[in-house]
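One structure is given below, encoded as structure tokens.
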Amino acid sequence: MTQERTAGALLVMIGMFLLIKPKATWKMTEQWKNNDVTSPSSRYITTVRIVGGVACILGVLLSAGVIG
């Protein structure tokens with residue numbers, strides 16, 4: 001059960017980072033692919049926030065023992 005709680009906490013932390021700092025995620029993962037673009041699109045930010053929310057929900061469920 002300890003592994004599930006650790007994985008859940010990790011998922012929650014990653015999800016919160018994606019929810020709070022989507023532009024930082026873009027800078028770390030996508031900025032090097034674009035020469036002229038200085039900021040992510042609104043569609044990218046929305047997608048990253050949705051993924052972050054799903055990761056948070058899954059992390060909470062995994063930590064609570066509902067899934068896993």
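Residues in the structure tokens are numbered from 1 in each chain, the chains being A, B, ... in the order shown, and ligands are numbered from 1 in the order shown.
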
Mind the document's chain letters and residue numbers, and return as an mmCIF file with N, CA and C atoms, in the first residue's frame the residues of chain A that DSSP labels helix (DSSP H, G or I).
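Listing of result24.cif after writing:
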data_model
loop_
_atom_site.group_PDB
_atom_site.id
_atom_site.type_symbol
_atom_site.label_atom_id
_atom_site.label_comp_id
_atom_site.auth_asym_id
_atom_site.auth_seq_id
_atom_site.Cartn_x
_atom_site.Cartn_y
_atom_site.Cartn_z
ATOM 1 N N THR A 2 2.081 1.156 0.452
ATOM 2 C CA THR A 2 2.951 2.323 0.514
ATOM 3 C C THR A 2 3.298 2.827 -0.877
ATOM 4 N N GLN A 3 3.506 1.926 -1.807
ATOM 5 C CA GLN A 3 3.835 2.330 -3.165
ATOM 6 C C GLN A 3 2.689 3.101 -3.810
ATOM 7 N N GLU A 4 1.480 2.680 -3.548
ATOM 8 C CA GLU A 4 0.328 3.376 -4.110
ATOM 9 C C GLU A 4 0.214 4.794 -3.552
ATOM 10 N N ARG A 5 0.460 4.943 -2.260
ATOM 11 C CA ARG A 5 0.392 6.276 -1.654
ATOM 12 C C ARG A 5 1.503 7.177 -2.187
ATOM 13 N N THR A 6 2.689 6.626 -2.362
ATOM 14 C CA THR A 6 3.804 7.403 -2.905
ATOM 15 C C THR A 6 3.522 7.817 -4.345
ATOM 16 N N ALA A 7 3.036 6.878 -5.141
ATOM 17 C CA ALA A 7 2.698 7.191 -6.534
ATOM 18 C C ALA A 7 1.568 8.211 -6.596
ATOM 19 N N GLY A 8 0.602 8.090 -5.714
ATOM 20 C CA GLY A 8 -0.498 9.052 -5.675
ATOM 21 C C GLY A 8 -0.023 10.447 -5.313
ATOM 22 N N ALA A 9 0.864 10.530 -4.325
ATOM 23 C CA ALA A 9 1.396 11.836 -3.927
ATOM 24 C C ALA A 9 2.213 12.451 -5.058
ATOM 25 N N LEU A 10 2.964 11.627 -5.753
ATOM 26 C CA LEU A 10 3.747 12.113 -6.888
ATOM 27 C C LEU A 10 2.840 12.618 -8.007
ATOM 28 N N LEU A 11 1.784 11.891 -8.286
ATOM 29 C CA LEU A 11 0.819 12.327 -9.297
ATOM 30 C C LEU A 11 0.150 13.644 -8.913
ATOM 31 N N VAL A 12 -0.181 13.797 -7.650
ATOM 32 C CA VAL A 12 -0.800 15.041 -7.194
ATOM 33 C C VAL A 12 0.185 16.201 -7.354
ATOM 34 N N MET A 13 1.448 15.994 -7.000
ATOM 35 C CA MET A 13 2.446 17.065 -7.128
ATOM 36 C C MET A 13 2.663 17.461 -8.583
ATOM 37 N N ILE A 14 2.763 16.472 -9.461
ATOM 38 C CA ILE A 14 2.933 16.765 -10.883
ATOM 39 C C ILE A 14 1.695 17.468 -11.428
ATOM 40 N N GLY A 15 0.526 16.988 -11.048
ATOM 41 C CA GLY A 15 -0.712 17.602 -11.491
ATOM 42 C C GLY A 15 -0.846 19.045 -11.030
ATOM 43 N N MET A 16 -0.476 19.313 -9.796
ATOM 44 C CA MET A 16 -0.541 20.688 -9.289
ATOM 45 C C MET A 16 0.425 21.594 -10.048
ATOM 46 N N PHE A 17 1.612 21.083 -10.350
ATOM 47 C CA PHE A 17 2.568 21.874 -11.129
ATOM 48 C C PHE A 17 1.995 22.194 -12.506
ATOM 49 N N LEU A 18 1.376 21.208 -13.138
ATOM 50 C CA LEU A 18 0.775 21.441 -14.452
ATOM 51 C C LEU A 18 -0.378 22.428 -14.375
ATOM 52 N N LEU A 19 -1.155 22.377 -13.312
ATOM 53 C CA LEU A 19 -2.273 23.302 -13.152
ATOM 54 C C LEU A 19 -1.796 24.737 -12.891
ATOM 55 N N ILE A 20 -0.776 24.872 -12.062
ATOM 56 C CA ILE A 20 -0.332 26.196 -11.632
ATOM 57 C C ILE A 20 0.637 26.837 -12.617
ATOM 58 N N PRO A 22 1.571 26.135 -16.260
ATOM 59 C CA PRO A 22 1.599 25.528 -17.593
ATOM 60 C C PRO A 22 2.653 26.165 -18.512
ATOM 61 N N LYS A 23 2.950 27.441 -18.316
ATOM 62 C CA LYS A 23 3.970 28.087 -19.152
ATOM 63 C C LYS A 23 5.364 27.560 -18.833
ATOM 64 N N ALA A 24 5.623 27.253 -17.577
ATOM 65 C CA ALA A 24 6.918 26.675 -17.209
ATOM 66 C C ALA A 24 7.072 25.286 -17.829
ATOM 67 N N THR A 25 5.976 24.538 -17.872
ATOM 68 C CA THR A 25 6.002 23.227 -18.525
ATOM 69 C C THR A 25 6.329 23.380 -19.997
ATOM 70 N N TRP A 26 5.734 24.378 -20.644
ATOM 71 C CA TRP A 26 5.998 24.637 -22.058
ATOM 72 C C TRP A 26 7.465 24.995 -22.263
ATOM 73 N N LYS A 27 8.014 25.824 -21.386
ATOM 74 C CA LYS A 27 9.416 26.223 -21.521
ATOM 75 C C LYS A 27 10.348 25.021 -21.391
ATOM 76 N N MET A 28 10.020 24.098 -20.499
ATOM 77 C CA MET A 28 10.882 22.933 -20.284
ATOM 78 C C MET A 28 10.763 21.900 -21.400
ATOM 79 N N THR A 29 9.572 21.788 -22.000
ATOM 80 C CA THR A 29 9.352 20.675 -22.924
ATOM 81 C C THR A 29 9.206 21.064 -24.390
ATOM 82 N N GLN A 31 9.579 24.685 -25.846
ATOM 83 C CA GLN A 31 10.111 25.937 -26.358
ATOM 84 C C GLN A 31 11.266 25.723 -27.341
ATOM 85 N N TRP A 32 12.114 24.745 -27.091
ATOM 86 C CA TRP A 32 13.264 24.515 -27.956
ATOM 87 C C TRP A 32 12.858 24.087 -29.361
ATOM 88 N N LYS A 33 11.632 23.668 -29.544
ATOM 89 C CA LYS A 33 11.164 23.227 -30.857
ATOM 90 C C LYS A 33 10.731 24.385 -31.749
ATOM 91 N N SER A 42 -3.026 29.401 -26.257
ATOM 92 C CA SER A 42 -4.057 29.217 -25.230
ATOM 93 C C SER A 42 -4.574 27.778 -25.244
ATOM 94 N N ARG A 43 -4.586 27.155 -26.396
ATOM 95 C CA ARG A 43 -5.020 25.763 -26.510
ATOM 96 C C ARG A 43 -4.052 24.833 -25.758
ATOM 97 N N TYR A 44 -2.748 25.112 -25.865
ATOM 98 C CA TYR A 44 -1.748 24.322 -25.147
ATOM 99 C C TYR A 44 -1.935 24.471 -23.637
ATOM 100 N N ILE A 45 -2.125 25.700 -23.183
ATOM 101 C CA ILE A 45 -2.298 25.952 -21.753
ATOM 102 C C ILE A 45 -3.540 25.230 -21.233
ATOM 103 N N THR A 46 -4.637 25.289 -21.974
ATOM 104 C CA THR A 46 -5.863 24.603 -21.571
ATOM 105 C C THR A 46 -5.655 23.099 -21.488
ATOM 106 N N THR A 47 -4.991 22.536 -22.481
ATOM 107 C CA THR A 47 -4.740 21.095 -22.504
ATOM 108 C C THR A 47 -3.873 20.667 -21.326
ATOM 109 N N VAL A 48 -2.827 21.418 -21.041
ATOM 110 C CA VAL A 48 -1.936 21.075 -19.935
ATOM 111 C C VAL A 48 -2.678 21.169 -18.608
ATOM 112 N N ARG A 49 -3.535 22.158 -18.450
ATOM 113 C CA ARG A 49 -4.304 22.283 -17.208
ATOM 114 C C ARG A 49 -5.301 21.134 -17.043
ATOM 115 N N ILE A 50 -5.904 20.690 -18.135
ATOM 116 C CA ILE A 50 -6.828 19.548 -18.063
ATOM 117 C C ILE A 50 -6.069 18.291 -17.652
ATOM 118 N N VAL A 51 -4.919 18.070 -18.257
ATOM 119 C CA VAL A 51 -4.093 16.908 -17.903
ATOM 120 C C VAL A 51 -3.659 16.993 -16.439
ATOM 121 N N GLY A 52 -3.311 18.191 -15.976
ATOM 122 C CA GLY A 52 -2.942 18.374 -14.580
ATOM 123 C C GLY A 52 -4.089 18.060 -13.636
ATOM 124 N N GLY A 53 -5.290 18.480 -13.993
ATOM 125 C CA GLY A 53 -6.457 18.180 -13.170
ATOM 126 C C GLY A 53 -6.741 16.692 -13.099
ATOM 127 N N VAL A 54 -6.632 16.017 -14.231
ATOM 128 C CA VAL A 54 -6.845 14.564 -14.262
ATOM 129 C C VAL A 54 -5.776 13.861 -13.422
ATOM 130 N N ALA A 55 -4.531 14.315 -13.514
ATOM 131 C CA ALA A 55 -3.453 13.719 -12.718
ATOM 132 C C ALA A 55 -3.712 13.905 -11.228
ATOM 133 N N CYS A 56 -4.190 15.068 -10.835
ATOM 134 C CA CYS A 56 -4.515 15.312 -9.418
ATOM 135 C C CYS A 56 -5.616 14.381 -8.935
ATOM 136 N N ILE A 57 -6.657 14.253 -9.725
ATOM 137 C CA ILE A 57 -7.773 13.385 -9.339
ATOM 138 C C ILE A 57 -7.315 11.933 -9.225
ATOM 139 N N LEU A 58 -6.547 11.466 -10.198
ATOM 140 C CA LEU A 58 -6.039 10.090 -10.143
ATOM 141 C C LEU A 58 -5.098 9.884 -8.963
ATOM 142 N N GLY A 59 -4.284 10.894 -8.671
ATOM 143 C CA GLY A 59 -3.380 10.799 -7.530
ATOM 144 C C GLY A 59 -4.123 10.684 -6.208
ATOM 145 N N VAL A 60 -5.178 11.464 -6.058
ATOM 146 C CA VAL A 60 -5.986 11.389 -4.823
ATOM 147 C C VAL A 60 -6.665 10.036 -4.714
ATOM 148 N N LEU A 61 -7.222 9.557 -5.817
ATOM 149 C CA LEU A 61 -7.886 8.243 -5.790
ATOM 150 C C LEU A 61 -6.889 7.124 -5.506
ATOM 151 N N LEU A 62 -5.697 7.224 -6.058
ATOM 152 C CA LEU A 62 -4.673 6.206 -5.836
ATOM 153 C C LEU A 62 -4.203 6.236 -4.377
ATOM 154 N N SER A 63 -4.012 7.426 -3.836
ATOM 155 C CA SER A 63 -3.583 7.547 -2.438
ATOM 156 C C SER A 63 -4.645 7.047 -1.470
ATOM 157 N N ALA A 64 -5.894 7.249 -1.826
ATOM 158 C CA ALA A 64 -6.999 6.809 -0.954
ATOM 159 C C ALA A 64 -7.261 5.312 -1.067
#
